[in-house]
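Pasting input.txt here (compact mmCIF, C-alpha atoms and all ligand atoms):
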# COMPACT_ATOMS: atom_id res chain seq x y z
CA MET A 1 121.99 89.39 130.93
CA GLY A 2 122.50 88.02 127.40
CA LEU A 3 119.81 88.46 124.79
CA LYS A 4 117.26 85.66 125.07
CA LEU A 5 115.55 85.93 121.71
CA ALA A 6 112.34 84.24 120.66
CA SER A 7 113.10 81.31 118.36
CA SER A 8 110.94 82.87 115.63
CA MET A 9 113.58 85.61 115.25
CA SER A 10 116.00 83.12 113.74
CA ARG A 11 113.50 82.58 110.92
CA LEU A 12 113.14 86.25 110.05
CA GLY A 13 114.88 87.28 106.83
CA THR A 14 115.80 90.73 105.61
CA GLU A 15 116.10 92.91 102.54
CA THR A 16 119.67 92.72 101.30
CA ALA A 17 119.24 95.97 99.37
CA PHE A 18 119.74 97.83 102.63
CA GLU A 19 122.94 95.91 103.37
CA VAL A 20 124.39 96.70 99.94
CA LEU A 21 123.34 100.33 100.39
CA ALA A 22 125.25 100.39 103.69
CA LEU A 23 128.39 99.02 101.95
CA ALA A 24 128.03 101.64 99.21
CA ARG A 25 127.53 104.45 101.74
CA GLU A 26 130.64 103.29 103.59
CA MET A 27 132.63 103.67 100.37
CA GLU A 28 131.13 107.11 99.80
CA TYR A 29 132.20 108.02 103.30
CA LYS A 30 135.74 107.05 102.30
CA GLY A 31 135.50 109.50 99.40
CA PHE A 32 134.53 107.25 96.46
CA ASN A 33 131.88 108.32 93.99
CA ILE A 34 129.31 105.53 93.72
CA VAL A 35 126.56 104.98 91.15
CA HIS A 36 123.53 103.55 92.92
CA PHE A 37 121.51 100.88 91.12
CA GLU A 38 120.70 98.95 94.31
CA ILE A 39 117.81 100.73 95.97
CA GLY A 40 114.30 100.33 94.61
CA GLU A 41 112.69 103.65 95.19
CA PRO A 42 111.55 106.46 92.91
CA ASP A 43 114.08 109.30 92.67
CA PHE A 44 111.28 111.78 91.94
CA ASP A 45 109.98 114.18 94.55
CA THR A 46 106.44 113.56 95.80
CA PRO A 47 104.15 115.76 93.62
CA GLY A 48 103.45 119.21 95.12
CA HIS A 49 99.67 118.93 95.42
CA ILE A 50 100.09 115.80 97.56
CA LYS A 51 102.52 117.57 99.89
CA ASP A 52 100.19 120.57 100.07
CA ALA A 53 97.32 118.36 101.18
CA ALA A 54 99.46 116.96 104.02
CA ILE A 55 100.55 120.45 105.08
CA GLU A 56 96.95 121.64 104.99
CA ALA A 57 95.88 118.65 107.11
CA LEU A 58 98.62 119.38 109.66
CA LYS A 59 97.71 123.07 109.81
CA SER A 60 94.06 122.29 110.29
CA GLY A 61 94.86 120.02 113.24
CA PHE A 62 94.28 116.66 111.58
CA THR A 63 96.88 115.12 113.86
CA HIS A 64 95.04 112.59 116.01
CA TYR A 65 94.07 108.93 115.91
CA THR A 66 91.83 107.93 113.03
CA PRO A 67 89.67 104.83 112.60
CA SER A 68 91.98 101.83 112.54
CA GLN A 69 90.79 100.75 109.13
CA GLY A 70 91.74 104.18 107.70
CA ILE A 71 89.45 107.21 107.27
CA ARG A 72 86.26 106.62 105.34
CA GLU A 73 87.10 109.38 102.80
CA LEU A 74 90.34 107.64 101.86
CA ARG A 75 88.75 104.20 101.65
CA GLU A 76 86.17 105.72 99.32
CA ALA A 77 88.86 107.39 97.22
CA ILE A 78 90.54 103.98 96.94
CA THR A 79 87.39 102.13 95.82
CA ASP A 80 86.49 104.97 93.40
CA LYS A 81 89.94 104.77 91.82
CA ILE A 82 89.68 100.99 91.55
CA ARG A 83 86.30 101.38 89.83
CA ASP A 84 87.80 103.90 87.35
CA ASP A 85 90.89 101.79 86.68
CA TYR A 86 89.52 98.26 86.65
CA GLY A 87 85.74 98.60 86.41
CA VAL A 88 85.06 96.63 89.59
CA ASP A 89 83.19 97.67 92.72
CA PHE A 90 84.22 97.27 96.34
CA ASP A 91 82.62 98.39 99.56
CA PRO A 92 84.84 100.98 101.26
CA ASN A 93 83.50 99.91 104.64
CA ARG A 94 83.95 96.19 104.23
CA ASN A 95 86.66 95.45 101.68
CA VAL A 96 89.47 97.94 102.41
CA VAL A 97 92.10 98.38 105.09
CA VAL A 98 94.71 101.14 104.95
CA MET A 99 98.06 100.47 106.60
CA PRO A 100 101.47 102.17 106.85
CA GLY A 101 102.72 100.70 103.56
CA ALA A 102 102.09 97.68 101.38
CA LYS A 103 104.59 95.76 103.50
CA PRO A 104 102.43 95.77 106.67
CA CYS A 105 99.48 94.63 104.53
CA ILE A 106 101.49 91.63 103.34
CA PHE A 107 102.58 90.92 106.91
CA ALA A 108 99.07 91.23 108.32
CA ALA A 109 97.47 89.06 105.62
CA MET A 110 100.06 86.31 106.19
CA LEU A 111 99.82 86.56 109.96
CA ALA A 112 96.04 86.34 109.78
CA LEU A 113 95.91 83.36 107.43
CA LEU A 114 98.94 81.13 107.87
CA ASP A 115 99.42 78.40 110.40
CA SER A 116 102.53 76.46 111.10
CA GLY A 117 102.94 73.74 108.47
CA ASP A 118 100.86 75.54 105.79
CA GLU A 119 102.55 75.72 102.42
CA VAL A 120 102.83 78.95 100.49
CA ILE A 121 103.74 78.97 96.82
CA ILE A 122 106.15 81.79 96.00
CA PRO A 123 107.64 82.41 92.57
CA SER A 124 111.42 82.66 92.74
CA PRO A 125 113.31 84.98 92.42
CA ALA A 126 110.97 87.25 94.38
CA TYR A 127 110.79 90.18 96.75
CA PRO A 128 112.52 88.61 99.79
CA ILE A 129 109.94 89.71 102.35
CA TYR A 130 107.42 87.04 101.28
CA GLU A 131 109.71 84.15 102.13
CA SER A 132 110.86 85.86 105.30
CA ILE A 133 107.36 86.32 106.70
CA VAL A 134 106.19 82.87 105.65
CA ASN A 135 109.15 81.39 107.54
CA PHE A 136 108.61 83.72 110.47
CA VAL A 137 105.02 82.59 111.01
CA GLY A 138 106.16 78.96 110.85
CA ALA A 139 104.65 78.18 107.45
CA LYS A 140 106.64 76.64 104.61
CA PRO A 141 107.67 78.56 101.50
CA ILE A 142 107.46 76.46 98.32
CA LEU A 143 109.67 78.30 95.87
CA ILE A 144 108.77 77.82 92.22
CA PRO A 145 111.51 78.91 89.84
CA VAL A 146 110.36 81.29 87.12
CA HIS A 147 112.40 81.15 83.95
CA GLU A 148 114.06 83.67 81.71
CA GLY A 149 112.75 81.70 78.70
CA GLU A 150 109.20 82.42 79.89
CA GLU A 151 110.03 86.04 80.67
CA PHE A 152 110.06 85.17 84.37
CA ARG A 153 106.27 84.72 84.42
CA LEU A 154 104.61 82.48 86.96
CA THR A 155 102.45 80.04 85.00
CA ALA A 156 99.27 78.33 86.16
CA ASP A 157 100.83 74.99 85.13
CA ALA A 158 103.76 75.53 87.49
CA VAL A 159 101.31 76.44 90.25
CA VAL A 160 99.23 73.30 89.67
CA GLU A 161 102.35 71.09 89.77
CA ASN A 162 103.24 72.42 93.20
CA ILE A 163 99.87 72.35 94.91
CA THR A 164 99.52 69.83 97.74
CA ASP A 165 96.80 69.39 100.32
CA ARG A 166 98.81 71.71 102.60
CA THR A 167 98.88 74.63 100.14
CA LYS A 168 97.17 77.58 101.75
CA MET A 169 98.36 80.53 99.72
CA ILE A 170 99.93 81.56 96.42
CA VAL A 171 101.92 84.79 96.31
CA VAL A 172 102.01 86.69 93.04
CA ASN A 173 103.74 89.95 92.24
CA THR A 174 102.87 91.71 89.01
CA PRO A 175 104.60 93.85 87.74
CA CYS A 176 107.51 92.11 89.41
CA ASN A 177 110.39 93.13 91.58
CA PRO A 178 113.14 92.00 90.76
CA THR A 179 112.57 90.88 87.16
CA GLY A 180 110.37 93.64 85.69
CA SER A 181 108.10 90.93 84.26
CA MET A 182 104.30 91.15 84.12
CA LEU A 183 101.56 88.57 84.06
CA SER A 184 99.21 88.72 81.09
CA ALA A 185 95.43 88.84 81.53
CA SER A 186 95.27 85.16 80.69
CA ASP A 187 98.00 84.28 83.24
CA VAL A 188 96.02 86.10 85.94
CA LYS A 189 92.75 84.42 84.94
CA SER A 190 94.28 80.94 84.87
CA ILE A 191 96.05 81.33 88.23
CA ALA A 192 92.87 82.77 89.78
CA GLU A 193 90.84 79.87 88.39
CA VAL A 194 93.19 77.24 89.80
CA ALA A 195 93.18 78.91 93.21
CA ARG A 196 89.40 79.27 93.24
CA GLU A 197 88.90 75.62 92.33
CA LYS A 198 91.25 74.43 95.05
CA GLY A 199 90.19 76.93 97.72
CA ILE A 200 93.65 78.47 98.03
CA TYR A 201 94.31 82.12 98.89
CA ILE A 202 96.05 84.40 96.43
CA LEU A 203 98.07 87.26 97.86
CA ALA A 204 98.64 89.57 94.89
CA ASP A 205 101.25 92.26 95.44
CA GLU A 206 100.46 94.92 92.85
CA VAL A 207 102.49 97.86 94.18
CA TYR A 208 103.91 98.51 90.69
CA SER A 209 100.47 98.42 89.05
CA LYS A 210 100.83 101.87 87.49
CA ILE A 211 104.44 101.54 86.33
CA VAL A 212 103.89 99.60 83.11
CA PHE A 213 105.26 100.09 79.62
CA GLU A 214 103.83 97.54 77.22
CA TYR A 215 100.22 96.80 78.12
CA PRO A 216 97.89 97.74 80.97
CA HIS A 217 98.27 95.94 84.24
CA TYR A 218 95.64 93.21 84.63
CA SER A 219 94.69 93.21 88.30
CA PHE A 220 93.62 90.20 90.35
CA LEU A 221 90.84 92.54 91.50
CA LYS A 222 89.15 91.78 88.19
CA GLU A 223 88.97 88.14 89.23
CA PHE A 224 88.06 88.97 92.81
CA ASP A 225 86.59 86.34 95.07
CA ASP A 226 86.72 85.57 98.79
CA ASN A 227 90.14 83.92 98.38
CA ILE A 228 91.84 86.94 96.80
CA ILE A 229 93.81 89.64 98.62
CA VAL A 230 95.26 92.48 96.58
CA VAL A 231 97.88 94.80 98.03
CA ASP A 232 98.77 98.15 96.49
CA GLY A 233 100.07 101.43 97.82
CA PHE A 234 101.33 104.93 97.34
CA SER A 235 105.12 104.41 97.58
CA LYS A 236 105.85 103.62 93.97
CA THR A 237 102.97 105.19 92.01
CA TYR A 238 103.20 108.60 93.67
CA ALA A 239 106.87 108.58 94.76
CA MET A 240 105.79 108.42 98.41
CA THR A 241 108.08 105.74 99.88
CA GLY A 242 108.83 107.74 103.03
CA TRP A 243 105.20 108.58 103.76
CA ARG A 244 104.39 104.95 104.53
CA LEU A 245 100.93 104.21 103.20
CA GLY A 246 99.40 101.22 101.45
CA TYR A 247 96.18 99.27 101.41
CA ALA A 248 94.69 95.83 100.97
CA ILE A 249 91.45 94.81 99.30
CA ALA A 250 89.99 91.54 100.53
CA ASN A 251 86.84 89.87 101.76
CA SER A 252 85.24 91.59 104.74
CA SER A 253 86.08 88.96 107.37
CA LEU A 254 89.77 89.03 106.55
CA ILE A 255 89.72 92.85 106.52
CA GLU A 256 88.30 92.72 110.06
CA TYR A 257 91.20 90.59 111.25
CA MET A 258 93.82 92.64 109.44
CA THR A 259 92.32 95.72 111.09
CA LYS A 260 92.49 93.97 114.46
CA LEU A 261 96.18 93.29 113.87
CA GLN A 262 96.64 96.96 112.98
CA ILE A 263 94.93 97.98 116.25
CA ASN A 264 97.44 95.82 118.09
CA ILE A 265 100.49 97.18 116.31
CA VAL A 266 100.08 100.81 115.23
CA SER A 267 96.45 101.66 116.12
CA CYS A 268 95.87 103.42 112.79
CA PRO A 269 97.71 104.79 109.77
CA VAL A 270 99.19 108.31 110.15
CA ALA A 271 96.33 110.82 110.08
CA PHE A 272 97.65 113.60 107.81
CA VAL A 273 99.28 111.11 105.42
CA GLN A 274 95.81 109.74 104.74
CA LYS A 275 94.70 113.22 103.63
CA ALA A 276 97.71 113.40 101.32
CA ALA A 277 96.72 110.02 99.88
CA ILE A 278 93.24 111.32 99.05
CA ALA A 279 94.87 114.18 97.13
CA ALA A 280 97.05 111.61 95.34
CA LEU A 281 94.08 109.50 94.23
CA ARG A 282 91.58 112.27 93.50
CA GLY A 283 94.05 114.83 92.12
CA PRO A 284 95.56 115.07 88.63
CA GLN A 285 97.23 111.88 87.43
CA ASP A 286 99.53 113.54 84.89
CA CYS A 287 102.33 113.42 87.50
CA VAL A 288 102.09 109.61 87.41
CA LYS A 289 102.02 109.64 83.63
CA SER A 290 105.14 111.77 83.35
CA MET A 291 107.06 109.68 85.90
CA VAL A 292 106.12 106.51 84.01
CA GLU A 293 107.22 108.07 80.70
CA GLU A 294 110.57 108.93 82.26
CA TYR A 295 110.94 105.37 83.61
CA ARG A 296 110.12 104.08 80.14
CA SER A 297 112.85 106.09 78.48
CA ARG A 298 115.34 105.08 81.18
CA ARG A 299 114.32 101.46 80.66
CA ASP A 300 114.97 101.77 76.93
CA LEU A 301 118.33 103.38 77.64
CA ILE A 302 119.57 100.84 80.20
CA TYR A 303 118.31 97.94 78.10
CA ASP A 304 120.11 99.21 74.97
CA LEU A 305 123.34 99.82 76.88
CA MET A 306 123.21 96.40 78.50
CA ARG A 307 122.60 94.59 75.24
CA LYS A 308 125.88 96.01 73.95
CA ILE A 309 127.85 94.22 76.68
CA ASP A 310 129.00 90.90 75.22
CA GLY A 311 128.70 88.70 78.31
CA ILE A 312 125.24 89.89 79.31
CA ARG A 313 121.89 88.48 78.20
CA VAL A 314 118.89 90.55 79.12
CA ILE A 315 115.12 90.65 78.75
CA LYS A 316 113.36 93.97 78.20
CA PRO A 317 111.37 94.68 81.38
CA LYS A 318 107.66 95.35 80.96
CA GLY A 319 106.98 97.09 84.25
CA ALA A 320 108.31 98.36 87.62
CA PHE A 321 111.77 100.00 87.43
CA TYR A 322 114.11 97.03 87.55
CA ILE A 323 116.19 95.12 85.04
CA PHE A 324 117.48 91.61 85.69
CA PRO A 325 120.42 90.74 83.44
CA ASN A 326 121.84 87.23 83.15
CA VAL A 327 125.55 87.48 83.98
CA SER A 328 126.29 83.78 84.36
CA SER A 329 128.78 83.87 81.48
CA TYR A 330 131.31 85.58 83.79
CA GLY A 331 131.52 82.42 85.88
CA LEU A 332 131.30 84.22 89.22
CA LYS A 333 128.67 83.80 91.91
CA SER A 334 126.33 86.74 91.64
CA ILE A 335 127.25 87.92 95.14
CA ASP A 336 130.94 87.95 94.17
CA LEU A 337 130.15 89.84 90.99
CA MET A 338 128.18 92.37 93.05
CA LYS A 339 131.20 92.84 95.35
CA TYR A 340 133.58 93.05 92.38
CA LEU A 341 131.50 95.77 90.69
CA LEU A 342 131.33 97.77 93.89
CA ALA A 343 135.09 97.54 94.50
CA GLU A 344 136.29 97.82 90.90
CA ALA A 345 133.66 99.98 89.17
CA LYS A 346 132.25 101.83 92.19
CA VAL A 347 128.81 100.74 91.08
CA ALA A 348 126.28 99.30 93.55
CA VAL A 349 123.95 96.61 92.17
CA LEU A 350 122.13 93.76 93.85
CA HIS A 351 123.09 90.13 93.37
CA GLY A 352 120.22 88.01 92.07
CA THR A 353 120.41 85.75 95.12
CA ALA A 354 119.21 88.68 97.25
CA PHE A 355 115.86 87.50 95.82
CA GLY A 356 116.33 83.83 96.62
CA GLN A 357 118.45 80.95 95.38
CA HIS A 358 116.90 81.00 91.90
CA GLY A 359 118.38 84.46 91.34
CA GLU A 360 121.86 82.93 90.97
CA GLY A 361 123.49 84.03 87.73
CA TYR A 362 121.65 87.37 87.67
CA LEU A 363 122.02 90.91 88.91
CA ARG A 364 119.22 93.34 89.68
CA LEU A 365 119.57 96.98 88.81
CA SER A 366 117.02 99.63 89.68
CA TYR A 367 116.87 102.31 86.99
CA ALA A 368 115.15 104.86 89.20
CA LEU A 369 118.08 107.23 88.72
CA SER A 370 118.98 109.90 86.16
CA LYS A 371 119.93 109.05 82.59
CA GLU A 372 123.36 110.60 83.13
CA MET A 373 123.96 108.24 86.03
CA ILE A 374 122.65 105.28 84.03
CA VAL A 375 125.10 106.04 81.22
CA GLU A 376 127.99 106.56 83.66
CA GLY A 377 127.12 103.42 85.63
CA LEU A 378 126.83 101.21 82.55
CA LYS A 379 130.13 102.54 81.21
CA ARG A 380 131.82 101.61 84.48
CA ILE A 381 130.18 98.19 84.56
CA SER A 382 131.15 97.45 80.99
CA GLU A 383 134.78 98.40 81.60
CA ALA A 384 135.00 96.37 84.79
CA LEU A 385 133.42 93.31 83.15
CA GLU A 386 135.89 93.47 80.29
CA LYS A 387 138.70 92.92 82.77
CA LEU A 388 137.26 89.60 83.93
C1 LIG B 401 107.23 93.98 95.43
C2 LIG B 401 107.17 94.96 96.54
N1 LIG B 401 106.16 94.91 97.42
C3 LIG B 401 106.06 95.78 98.45
C4 LIG B 401 107.01 96.76 98.63
C5 LIG B 401 106.87 97.68 99.81
O1 LIG B 401 106.02 98.74 99.55
P1 LIG B 401 105.65 99.81 100.67
O2 LIG B 401 106.67 100.90 100.60
O3 LIG B 401 104.28 100.28 100.27
O4 LIG B 401 105.62 99.12 101.98
C6 LIG B 401 108.09 96.85 97.74
C7 LIG B 401 109.13 97.87 97.96
O5 LIG B 401 110.21 97.80 97.45
C8 LIG B 401 108.16 95.94 96.67
O6 LIG B 401 109.17 95.98 95.77

Is it possible to express this structure as structure tokens?
Ligand SMILES: Cc1ncc(COP(=O)(O)O)c(C=O)c1O
Amino acid sequence: MGLKLASSMSRLGTETAFEVLALAREMEYKGFNIVHFEIGEPDFDTPGHIKDAAIEALKSGFTHYTPSQGIRELREAITDKIRDDYGVDFDPNRNVVVMPGAKPCIFAAMLALLDSGDEVIIPSPAYPIYESIVNFVGAKPILIPVHEGEEFRLTADAVVENITDRTKMIVVNTPCNPTGSMLSASDVKSIAEVAREKGIYILADEVYSKIVFEYPHYSFLKEFDDNIIVVDGFSKTYAMTGWRLGYAIANSSLIEYMTKLQINIVSCPVAFVQKAAIAALRGPQDCVKSMVEEYRSRRDLIYDLMRKIDGIRVIKPKGAFYIFPNVSSYGLKSIDLMKYLLAEAKVAVLHGTAFGQHGEGYLRLSYALSKEMIVEGLKRISEALEKL
């Protein structure tokens, strides 16, 4: 029997980073040495005290189902950390749900809130999963281009211009993947104010909240109201991508429904990983500080090297670990430039259009790799671009 797929499957998108990684791995298999700028994950090992806590939990038999919302101790560690970082209070019983990553939190929040025909404002270029899920649930993504001239920031004015009576949600991502941009405190306040006035949800993806270089991250949690959902996690801050843990903060009724979705899909987050997450939040934070310092010096390095390439125009990223150079002067589609760099320079980057149509003319490079590799990669890119 042929596959008789649900029609919703045709609306599901993907993350192109994994496709480019597969192409790059194929070339490695053939014996080529590839420099990897395509995948957005920390290259650091998870700090030892976090691993120890997981091992301890396993040894002590903490290997069974937990409450679906996540264990109380972890929810408390999350709200304590939020109080320390942002000076705002949340109820660990009512306002928090822990899930296997930030991604499931985004999925659950959208599934719980969006109906077919609802409009969702998404800045573009953006992390591709937002548009994919919005389409999947039958809602309509309204892509608002963010501009290099405004450092790729989503402005409240642009939001206002695109609000209709069908607008149900605004997605924001600060610090931002793919551009490395950050919203200022006043951007966050103005967007929150517009959304509050109009009764529109804000889904704020803040998974890079701790990886910032210029000024502290201003969280939407500081402007919290019933319409705000903030998603954060452990993947980026603590180099824990493979552990799969994230959380959402939202009003208690939405948390109930997100928890209900979790019960239907995975029952609960992984038990011993939750113990590791407590160690991450309650343990020493100097590991985060030193990773961020290393990202900062890599950012400075990649930015300086890129600025020396004649055809490239680039903005200094303020957060996350991505840089988003404008390569339109080469006159190629960004996907063709991506393929050219892989074939000619043996360097894997992502084309800007992997983040939506407004990424045309740009490339995205992750600088979560060693300085030696950054220097080698940029040398190869520069030489290959000179041949164009
Ligand atoms: C903007 C953004 N949100 C969410 C995620 C997913 O995070 P997690 O590993 O916690 O699911 C990523 C990962 O690349 C990301 O870049």

Report as a ChimeraX atom specification which protein, DNA and RNA residues come within 10 Å of ligand LIG 401 (chain B), using all atoms listed in the file.
/A:15,17,39-42,99-106,126-130,172-178,204-208,231-237,239-247,320-322

For a quick check of understanding, using all atoms listed in the file, which of A:Leu332, A:Ala112, A:Met182, A:Ala279 has the smallest distance to His217 of chain A?
A:Met182

Counting only C-alpha atoms, I want the residues whose atoms come within 7 Å of (99.1, 86.8, 99.3) in the file frame, returned as an MDAnalysis selection string.
chainID A and resid 106 109:110 169:172 201:204 229

For the point (88.2, 89.8, 89.4) in the file's frame, write as a count of residues only all residues with an atom no more than 12 Å away, counting all atoms listed in the file.
32

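Using only C-alpha atoms for every distance, the candidate list A:Ile200, A:Val97, A:Met1, A:Met306 yields A:Ile200 as the residue closest to Asp118 of chain A.
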
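Reported to one decimal place, the separation of atom CA of Val273 of chain A from atom CA of His36 of chain A is 28.3 Å.
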
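The space separating atom CA of Phe32 of chain A from atom CA of Leu341 of chain A comes to 13.2 Å.
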
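Interatomic distance, atom CA of Leu183 of chain A against atom CA of Leu154 of chain A: 7.4 Å.
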
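Of the residues under consideration (A:Lys275, A:Lys379, A:Lys51, A:Arg299), A:Lys275 shows the shortest atom-to-atom contact distance to Thr63 of chain A when counting only C-alpha atoms.
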
Shell of 10 Å around Met291 of chain A, all atoms listed in the file, local chain residues under 2 positions omitted, as a count of residues only
16

Using all atoms of segment 350-363 of chain A listed in the file and a margin of 8 Å per side, can you give the axis-aligned box centre and edge lengths in Å to one decimal, as JSON?
{"center_x": 119.7, "center_y": 87.4, "center_z": 92.5, "size_x": 23.6, "size_y": 28.8, "size_z": 25.6}

I'd like a table as JSON lines: residues in segment 341-385 of chain A with an atom no more than 12 Å from segment 132-135 of chain A, each row giving the shortest atom pair and its distance in Å to one decimal, all atoms listed in the file counted, sorted by chain and rising residue number.
{"residue": "A:Ala354", "atom": "CA", "partner": "A:Ser132", "partner_atom": "CA", "distance": 11.9}
{"residue": "A:Phe355", "atom": "CA", "partner": "A:Ser132", "partner_atom": "CA", "distance": 10.8}
{"residue": "A:Gly356", "atom": "CA", "partner": "A:Ser132", "partner_atom": "CA", "distance": 10.5}

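Closest approach to Leu365 of chain A among A:Thr46, A:Ser252, A:Thr179, A:Ser184 is made by A:Thr179 (distances from all atoms listed in the file).
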
Quick one: which segment 15-44 of chain A residues come within 9 Å of segment 342-353 of chain A, and what is the nearest atom pair for each with the distance in Å to one decimal, counting only C-alpha atoms, rows ordered by chain and ascending number, as JSON lines?
{"residue": "A:Thr16", "atom": "CA", "partner": "A:Leu350", "partner_atom": "CA", "distance": 7.9}
{"residue": "A:Ala17", "atom": "CA", "partner": "A:Leu350", "partner_atom": "CA", "distance": 6.6}
{"residue": "A:Val20", "atom": "CA", "partner": "A:Leu350", "partner_atom": "CA", "distance": 7.1}
{"residue": "A:Leu21", "atom": "CA", "partner": "A:Ala348", "partner_atom": "CA", "distance": 7.5}
{"residue": "A:Leu23", "atom": "CA", "partner": "A:Ala348", "partner_atom": "CA", "distance": 8.7}
{"residue": "A:Ala24", "atom": "CA", "partner": "A:Ala348", "partner_atom": "CA", "distance": 6.4}
{"residue": "A:Met27", "atom": "CA", "partner": "A:Lys346", "partner_atom": "CA", "distance": 8.4}
{"residue": "A:Phe32", "atom": "CA", "partner": "A:Lys346", "partner_atom": "CA", "distance": 7.3}
{"residue": "A:Asn33", "atom": "CA", "partner": "A:Lys346", "partner_atom": "CA", "distance": 6.7}
{"residue": "A:Ile34", "atom": "CA", "partner": "A:Lys346", "partner_atom": "CA", "distance": 5.0}
{"residue": "A:Val35", "atom": "CA", "partner": "A:Val347", "partner_atom": "CA", "distance": 4.8}
{"residue": "A:His36", "atom": "CA", "partner": "A:Ala348", "partner_atom": "CA", "distance": 5.1}
{"residue": "A:Phe37", "atom": "CA", "partner": "A:Val349", "partner_atom": "CA", "distance": 5.0}
{"residue": "A:Glu38", "atom": "CA", "partner": "A:Val349", "partner_atom": "CA", "distance": 4.5}
{"residue": "A:Ile39", "atom": "CA", "partner": "A:Val349", "partner_atom": "CA", "distance": 8.3}

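Proximity of A:Ile78, A:Ile309, A:Leu12, A:Val292 to Phe213 of chain A, computed with all atoms listed in the file, is greatest for A:Val292.
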
Surrounding residues of Lys371 of chain A excluding itself and chain neighbours under 2 positions, 8 Å, only C-alpha atoms, as a ChimeraX atom specification:
/A:298,301,369,373-375

Same residues, C-alpha atoms, output as a PDB file, in the frame of the given file:
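Listed below is the output, part.pdb:
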ATOM      1  CA  ARG A 298     115.340 105.080  81.180  1.00  0.00           C
ATOM      2  CA  LEU A 301     118.330 103.380  77.640  1.00  0.00           C
ATOM      3  CA  LEU A 369     118.080 107.230  88.720  1.00  0.00           C
ATOM      4  CA  MET A 373     123.960 108.240  86.030  1.00  0.00           C
ATOM      5  CA  ILE A 374     122.650 105.280  84.030  1.00  0.00           C
ATOM      6  CA  VAL A 375     125.100 106.040  81.220  1.00  0.00           C
TER       7      VAL A 375
END

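Nearest to Lys318 of chain A of all the residues A:Ser181, A:Ser297, A:Ser370, A:Gln357 is A:Ser181, counting all atoms listed in the file.
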
Any chance you could build segment 156-169 of chain A out to N, CA and C atoms and write it as an mmCIF file, in the frame of the given file?
data_model
loop_
_atom_site.group_PDB
_atom_site.id
_atom_site.type_symbol
_atom_site.label_atom_id
_atom_site.label_comp_id
_atom_site.auth_asym_id
_atom_site.auth_seq_id
_atom_site.Cartn_x
_atom_site.Cartn_y
_atom_site.Cartn_z
ATOM 1 N N ALA A 156 100.263 79.123 85.415
ATOM 2 C CA ALA A 156 99.270 78.330 86.160
ATOM 3 C C ALA A 156 99.723 76.870 86.218
ATOM 4 N N ASP A 157 100.364 76.383 85.142
ATOM 5 C CA ASP A 157 100.830 74.990 85.130
ATOM 6 C C ASP A 157 101.824 74.741 86.258
ATOM 7 N N ALA A 158 102.757 75.691 86.423
ATOM 8 C CA ALA A 158 103.760 75.530 87.490
ATOM 9 C C ALA A 158 103.076 75.565 88.858
ATOM 10 N N VAL A 159 102.044 76.389 88.984
ATOM 11 C CA VAL A 159 101.310 76.440 90.250
ATOM 12 C C VAL A 159 100.651 75.095 90.519
ATOM 13 N N VAL A 160 99.948 74.577 89.512
ATOM 14 C CA VAL A 160 99.230 73.300 89.670
ATOM 15 C C VAL A 160 100.200 72.195 90.101
ATOM 16 N N GLU A 161 101.362 72.142 89.447
ATOM 17 C CA GLU A 161 102.350 71.090 89.770
ATOM 18 C C GLU A 161 102.794 71.123 91.222
ATOM 19 N N ASN A 162 102.700 72.286 91.835
ATOM 20 C CA ASN A 162 103.240 72.420 93.200
ATOM 21 C C ASN A 162 102.184 72.469 94.294
ATOM 22 N N ILE A 163 100.927 72.337 93.898
ATOM 23 C CA ILE A 163 99.870 72.350 94.910
ATOM 24 C C ILE A 163 99.816 71.008 95.633
ATOM 25 N N THR A 164 99.730 71.059 96.955
ATOM 26 C CA THR A 164 99.520 69.830 97.740
ATOM 27 C C THR A 164 98.301 70.091 98.631
ATOM 28 N N ASP A 165 97.952 69.124 99.457
ATOM 29 C CA ASP A 165 96.800 69.390 100.320
ATOM 30 C C ASP A 165 97.146 70.323 101.487
ATOM 31 N N ARG A 166 98.415 70.737 101.570
ATOM 32 C CA ARG A 166 98.810 71.710 102.600
ATOM 33 C C ARG A 166 98.885 73.130 102.045
ATOM 34 N N THR A 167 98.721 73.285 100.729
ATOM 35 C CA THR A 167 98.880 74.630 100.140
ATOM 36 C C THR A 167 97.775 75.552 100.614
ATOM 37 N N LYS A 168 98.178 76.656 101.222
ATOM 38 C CA LYS A 168 97.170 77.580 101.750
ATOM 39 C C LYS A 168 97.141 78.889 100.955
ATOM 40 N N MET A 169 98.285 79.222 100.354
ATOM 41 C CA MET A 169 98.360 80.530 99.720
ATOM 42 C C MET A 169 99.331 80.510 98.538
#
